[in-house]
Protein chains: 4
Amino acid sequence: MHFLDRFRQGELRLTRIEAFSDGVFAIVVTLLVLELKVPALKDHGSVSELAHALYELVPKFVSWLISFIIVCKFWLNHHHVLGLARHADYGMVWLNSIFLMGQAFIPFPTAMVGEYPANPLAVSAFGAMFALNTLLFLALQAYVVRRLIKPELAAAQDPHGILKGFIGPASYLVGAGLAWVSVHAAFIVYALTPLFYITPPQWRGTRK
Amino acid sequence: MHFLDRFRQGELRLTRIEAFSDGVFAIVVTLLVLELKVPALKDHGSVSELAHALYELVPKFVSWLISFIIVCKFWLNHHHVLGLARHADYGMVWLNSIFLMGQAFIPFPTAMVGEYPANPLAVSAFGAMFALNTLLFLALQAYVVRRLIKPELAAAQDPHGILKGFIGPASYLVGAGLAWVSVHAAFIVYALTPLFYITPPQWRGTRK
Amino acid sequence: MHFLDRFRQGELRLTRIEAFSDGVFAIVVTLLVLELKVPALKDHGSVSELAHALYELVPKFVSWLISFIIVCKFWLNHHHVLGLARHADYGMVWLNSIFLMGQAFIPFPTAMVGEYPANPLAVSAFGAMFALNTLLFLALQAYVVRRLIKPELAAAQDPHGILKGFIGPASYLVGAGLAWVSVHAAFIVYALTPLFYITPPQWRGTRK
Amino acid sequence: MHFLDRFRQGELRLTRIEAFSDGVFAIVVTLLVLELKVPALKDHGSVSELAHALYELVPKFVSWLISFIIVCKFWLNHHHVLGLARHADYGMVWLNSIFLMGQAFIPFPTAMVGEYPANPLAVSAFGAMFALNTLLFLALQAYVVRRLIKPELAAAQDPHGILKGFIGPASYLVGAGLAWVSVHAAFIVYALTPLFYITPPQWRGTRK
């Protein structure tokens, strides 16, 4: 038997893959807030000192907000793709695990860009990481659509669906490039990119 | 097709939304305790020094307790509202995600008020955050009741249900305002507010 | 309607209560390990310095081990009690939430006793916390057995079951008292107590 | 009744064991990233200083990657073994809990080896921990296969399955021994070992 064929074996229950994935998603979005550390004040009762310290946390708050929305978008798309599959095989489980590895990594670049919002490398890495995560997701989606799709849903697939999916990584990479010119422009691109994905695409609108 | 109509498409399984939400709720209540740091002692074996250090942790313990109860109350109400829905659409998923973002944020103001319990800004922000979270919940509830309610439950809805829900945010905001006069009064209002919600409202008493 | 009667209303799905509780249990056992901090070494490559530093972590490792086993025991008993209930009501949900609050608190005294294993107050608080947690569990169990038990299981209940449950808190309190005489004796009592509960009691052996 | 027989009693639902286990797995893989701390920079905007600091994080990134893949492999094997069982008993629950204890411990040696990648003790402990975890898993697997297997799957079991499973711990122990000669050789063995397990064994290929 060919080595790659072995990954196409096995029939795994989708429910546990969903439970494991939902756990990772839930922890990632919640861990993100741990980067928002309570500032140290000299005068514990001073309103102006606390207000000033909170103002300095604004970049961390913004990066937290962007990451939270993007992880929720990934969760929503993941939900959609797993709904297409009739069952799972080992290949899908590993693609899913590598995708989740990318999700679990998100708190690190989020914390880094929140700490150094004016550092082009930090801002660029933030976008490059989301581009990579979207590519990992597209690999999972392509595998499910080609090999594991429920027969009744196969016809409803947009043949250009995967192709359209590349708009996401391309947009994040544009932001990652812009970071070297203007970090503000990069943040705007990062915040706008998930907005293209918050509504279901036409071909998803068909009732299951 | 109208842009907003796109959010009304899609039919998502409630089970995964519940699993993701339950994960976030569970992590939020458990992370809250991470703010209770073991105090540093000069004499590791000294009972009196440890007792004194623990006494100074009382504000953190109280803020942990209030936040824990309030998150449990949100979980209970969330459980109730998702039980009303016949299925989910994209609009509901996004309202749910934004509501969970508010829940995931709770550890930060909780830690801040535990650190600076005498700072009016910290105490006021604690209440304002709960007011905002209740409003996010009411938006989710209103969306489900208007657009996704199971037909057999529609008649049992209290027409004033959403209106009554505004008592919560109003009460938290009263506490947030009181914080500028007396932080003790604010804490009492925060602790009492969830008590109005721990029993099911009349209209929920009807058997499903 | 009587105030307390309102808690007896509502019919909540056990599945979400289980999902929320399992999330809290899973996070508590996993967070416990975060107290095992990597020691700071002067000579990064020194085997003897690292071995010495790891040896000093032994009290933290032991307290982690005891807490892990005890939380698993609570999870197992919780699993058993929820299996007795035919459905949930608001009273049960709140007793469950308060019980989970006790579970979520466990990392704090565990970290404290790991940091100050020779401090009688820290060792005593460790046991007192487990006594309190067992009492919270017994309250939940008593409520389920009296008000929500599946009719077919009611006859199989040991009438002395709740009474026997008090052996646990009593044993933990003996340990908490012993801590003031000998912390080693206290640790032995804490480690032995859950062993009384790892096998199912006779009346649980009946097939469901 | 014999003491050990008591563990063979009870009939526990696999769904809650899976939910608890999936929670622990999900948290372990996500907590691993918390060791990747944002480096402290003197010049917040300096690209070269950040690039240099990130380069120094490479050992932490590599240890995170190896641990993530290995935990996913454990999750996959756990999924497989629980799918063999017709129900759970107390013995299985405790073997599962001890196995999860090993999983929850993984972040500690992972952080240690990421901090001191040139220290033979740290590198050796990393491998010894994975060897121990694999043995704990084999104990769970052996218990399920001997006592709880679904009758229709019993015939399909490879009689040498458990024996083959010992290749894993043996390989990790070889790595742990190699660490005292060359830490690089040890890392290569650790990274290669899970690759033997990423495809389903022949006897698992049979359709359920």
# chains A, B, ... in the order shown; residues from 1 in each chain; ligands from 1

$ closest_atom_pairs --of "chain D" --to "chain C" --cutoff "9 Å" --atoms "only C-alpha atoms" --output "Markdown table"
| residue | atom | partner | partner_atom | distance |
| --- | --- | --- | --- | --- |
| D:Phe3 | CA | C:Thr199 | CA | 8.7 |
| D:Leu4 | CA | C:Thr199 | CA | 8.8 |
| D:Arg6 | CA | C:Thr199 | CA | 5.9 |
| D:Phe7 | CA | C:Thr199 | CA | 5.6 |
| D:Arg8 | CA | C:Thr199 | CA | 8.9 |
| D:Gln9 | CA | C:Gly205 | CA | 5.6 |
| D:Gly10 | CA | C:Gly205 | CA | 5.2 |
| D:Glu11 | CA | C:Arg207 | CA | 6.8 |
| D:Leu12 | CA | C:His80 | CA | 7.9 |
| D:Arg13 | CA | C:His79 | CA | 8.6 |
| D:Arg16 | CA | C:Asp22 | CA | 7.5 |
| D:Ile17 | CA | C:Asp22 | CA | 8.9 |
| D:Ala19 | CA | C:Asp22 | CA | 6.5 |
| D:Phe20 | CA | C:Asp22 | CA | 5.2 |
| D:Ser21 | CA | C:Ala26 | CA | 7.4 |
| D:Asp22 | CA | C:Ala26 | CA | 8.4 |
| D:Gly23 | CA | C:Ala26 | CA | 5.3 |
| D:Val24 | CA | C:Ala26 | CA | 5.0 |
| D:Phe25 | CA | C:Ala26 | CA | 8.7 |
| D:Ile27 | CA | C:Ile27 | CA | 6.8 |
| D:Val28 | CA | C:Thr30 | CA | 6.8 |
| D:Leu31 | CA | C:Leu31 | CA | 8.7 |
| D:Tyr90 | CA | C:Thr199 | CA | 6.6 |
| D:Gly91 | CA | C:Thr199 | CA | 8.3 |
| D:Val93 | CA | C:Leu76 | CA | 8.0 |
| D:Trp94 | CA | C:Ile198 | CA | 8.0 |
| D:Ser97 | CA | C:Cys72 | CA | 6.6 |
| D:Ile98 | CA | C:Ile69 | CA | 8.2 |
| D:Met101 | CA | C:Phe68 | CA | 7.1 |
| D:Gln103 | CA | C:Thr30 | CA | 8.7 |
| D:Ala104 | CA | C:Thr30 | CA | 5.2 |
| D:Phe105 | CA | C:Val33 | CA | 6.2 |
| D:Ile106 | CA | C:Val33 | CA | 8.8 |
| D:Pro107 | CA | C:Val33 | CA | 7.6 |
| D:Phe108 | CA | C:Leu36 | CA | 6.6 |
| D:Pro109 | CA | C:Val38 | CA | 8.3 |
| D:Ala111 | CA | C:Val38 | CA | 6.7 |
| D:Met112 | CA | C:Val38 | CA | 5.5 |
| D:Glu115 | CA | C:Val38 | CA | 7.9 |
| D:Tyr116 | CA | C:His44 | CA | 5.8 |
| D:Pro117 | CA | C:Gly45 | CA | 8.3 |
| D:Ala118 | CA | C:Gly45 | CA | 5.8 |
| D:Asn119 | CA | C:Gly45 | CA | 4.3 |
| D:Pro120 | CA | C:Val47 | CA | 6.8 |
| D:Leu121 | CA | C:Val47 | CA | 5.7 |
| D:Ala122 | CA | C:Leu50 | CA | 7.9 |

$ select_by_dssp --residues "chain D" --states "helix (DSSP H, G or I)" --output "VMD selection string"
chain D and resid 4 to 8 14 to 35 47 to 56 58 to 84 90 to 105 107 to 115 120 to 148 151 to 154 161 to 165 167 to 178 183 to 197 202 to 204

$ select_by_dssp --residues "segment 2-158 of chain C" --states "strand (DSSP E or B)" --output "compact mmCIF listing (two decimals) with C-alpha atoms, in the first residue's frame"
# COMPACT_ATOMS: atom_id res chain seq x y z
CA LEU C 12 -32.50 22.59 32.13
CA ALA C 85 -30.78 13.21 37.89
CA ALA C 88 -31.88 19.92 36.24
CA ILE C 149 -33.62 11.51 41.13

$ atom_distance --atom1 "atom CA of Arg147 of chain C" --atom2 "atom CA of Leu163 of chain C"
17.4 Å

$ residues_around --residues "Leu148 of chain C" --least-positions-apart "2" --cutoff "8 Å" --atoms "only C-alpha atoms" --output "VMD selection string"
chain C and resid 84 to 88 143 to 146 150

$ write_last_selection --atoms "N, CA, C and O atoms" --output "PDB file, in the first residue's frame"
ATOM      1  N   LEU C  84     -27.618  10.439  38.135  1.00  0.00           N
ATOM      2  CA  LEU C  84     -28.830  10.100  38.905  1.00  0.00           C
ATOM      3  C   LEU C  84     -30.013  10.991  38.550  1.00  0.00           C
ATOM      4  O   LEU C  84     -31.174  10.598  38.725  1.00  0.00           O
ATOM      5  N   ALA C  85     -29.723  12.202  38.069  1.00  0.00           N
ATOM      6  CA  ALA C  85     -30.783  13.206  37.890  1.00  0.00           C
ATOM      7  C   ALA C  85     -31.560  12.970  36.608  1.00  0.00           C
ATOM      8  O   ALA C  85     -30.988  12.610  35.583  1.00  0.00           O
ATOM      9  N   ARG C  86     -32.859  13.182  36.673  1.00  0.00           N
ATOM     10  CA  ARG C  86     -33.663  13.054  35.458  1.00  0.00           C
ATOM     11  C   ARG C  86     -33.630  14.350  34.657  1.00  0.00           C
ATOM     12  O   ARG C  86     -33.773  14.362  33.445  1.00  0.00           O
ATOM     13  N   HIS C  87     -33.462  15.473  35.303  1.00  0.00           N
ATOM     14  CA  HIS C  87     -33.244  16.758  34.627  1.00  0.00           C
ATOM     15  C   HIS C  87     -32.672  17.700  35.672  1.00  0.00           C
ATOM     16  O   HIS C  87     -32.418  17.291  36.806  1.00  0.00           O
ATOM     17  N   ALA C  88     -32.436  18.943  35.291  1.00  0.00           N
ATOM     18  CA  ALA C  88     -31.882  19.922  36.236  1.00  0.00           C
ATOM     19  C   ALA C  88     -32.902  21.028  36.476  1.00  0.00           C
ATOM     20  O   ALA C  88     -33.758  21.286  35.626  1.00  0.00           O
ATOM     21  N   TYR C 143     -29.303  17.390  47.166  1.00  0.00           N
ATOM     22  CA  TYR C 143     -30.382  18.052  46.421  1.00  0.00           C
ATOM     23  C   TYR C 143     -30.868  17.160  45.283  1.00  0.00           C
ATOM     24  O   TYR C 143     -32.074  16.983  45.081  1.00  0.00           O
ATOM     25  N   VAL C 144     -29.912  16.572  44.540  1.00  0.00           N
ATOM     26  CA  VAL C 144     -30.280  15.723  43.407  1.00  0.00           C
ATOM     27  C   VAL C 144     -31.035  14.488  43.909  1.00  0.00           C
ATOM     28  O   VAL C 144     -32.075  14.109  43.360  1.00  0.00           O
ATOM     29  N   VAL C 145     -30.505  13.850  44.966  1.00  0.00           N
ATOM     30  CA  VAL C 145     -31.117  12.609  45.453  1.00  0.00           C
ATOM     31  C   VAL C 145     -32.531  12.883  45.994  1.00  0.00           C
ATOM     32  O   VAL C 145     -33.456  12.095  45.780  1.00  0.00           O
ATOM     33  N   ARG C 146     -32.721  14.013  46.656  1.00  0.00           N
ATOM     34  CA  ARG C 146     -34.040  14.289  47.241  1.00  0.00           C
ATOM     35  C   ARG C 146     -35.061  14.783  46.246  1.00  0.00           C
ATOM     36  O   ARG C 146     -36.242  14.529  46.386  1.00  0.00           O
ATOM     37  N   LYS C 150     -33.974  10.030  39.239  1.00  0.00           N
ATOM     38  CA  LYS C 150     -34.774   9.223  38.325  1.00  0.00           C
ATOM     39  C   LYS C 150     -35.555   8.212  39.153  1.00  0.00           C
ATOM     40  O   LYS C 150     -34.962   7.529  40.019  1.00  0.00           O
TER      41      LYS C 150
END

$ atom_distance --atom1 "atom CA of Leu100 of chain B" --atom2 "atom CA of Pro169 of chain B"
16.9 Å
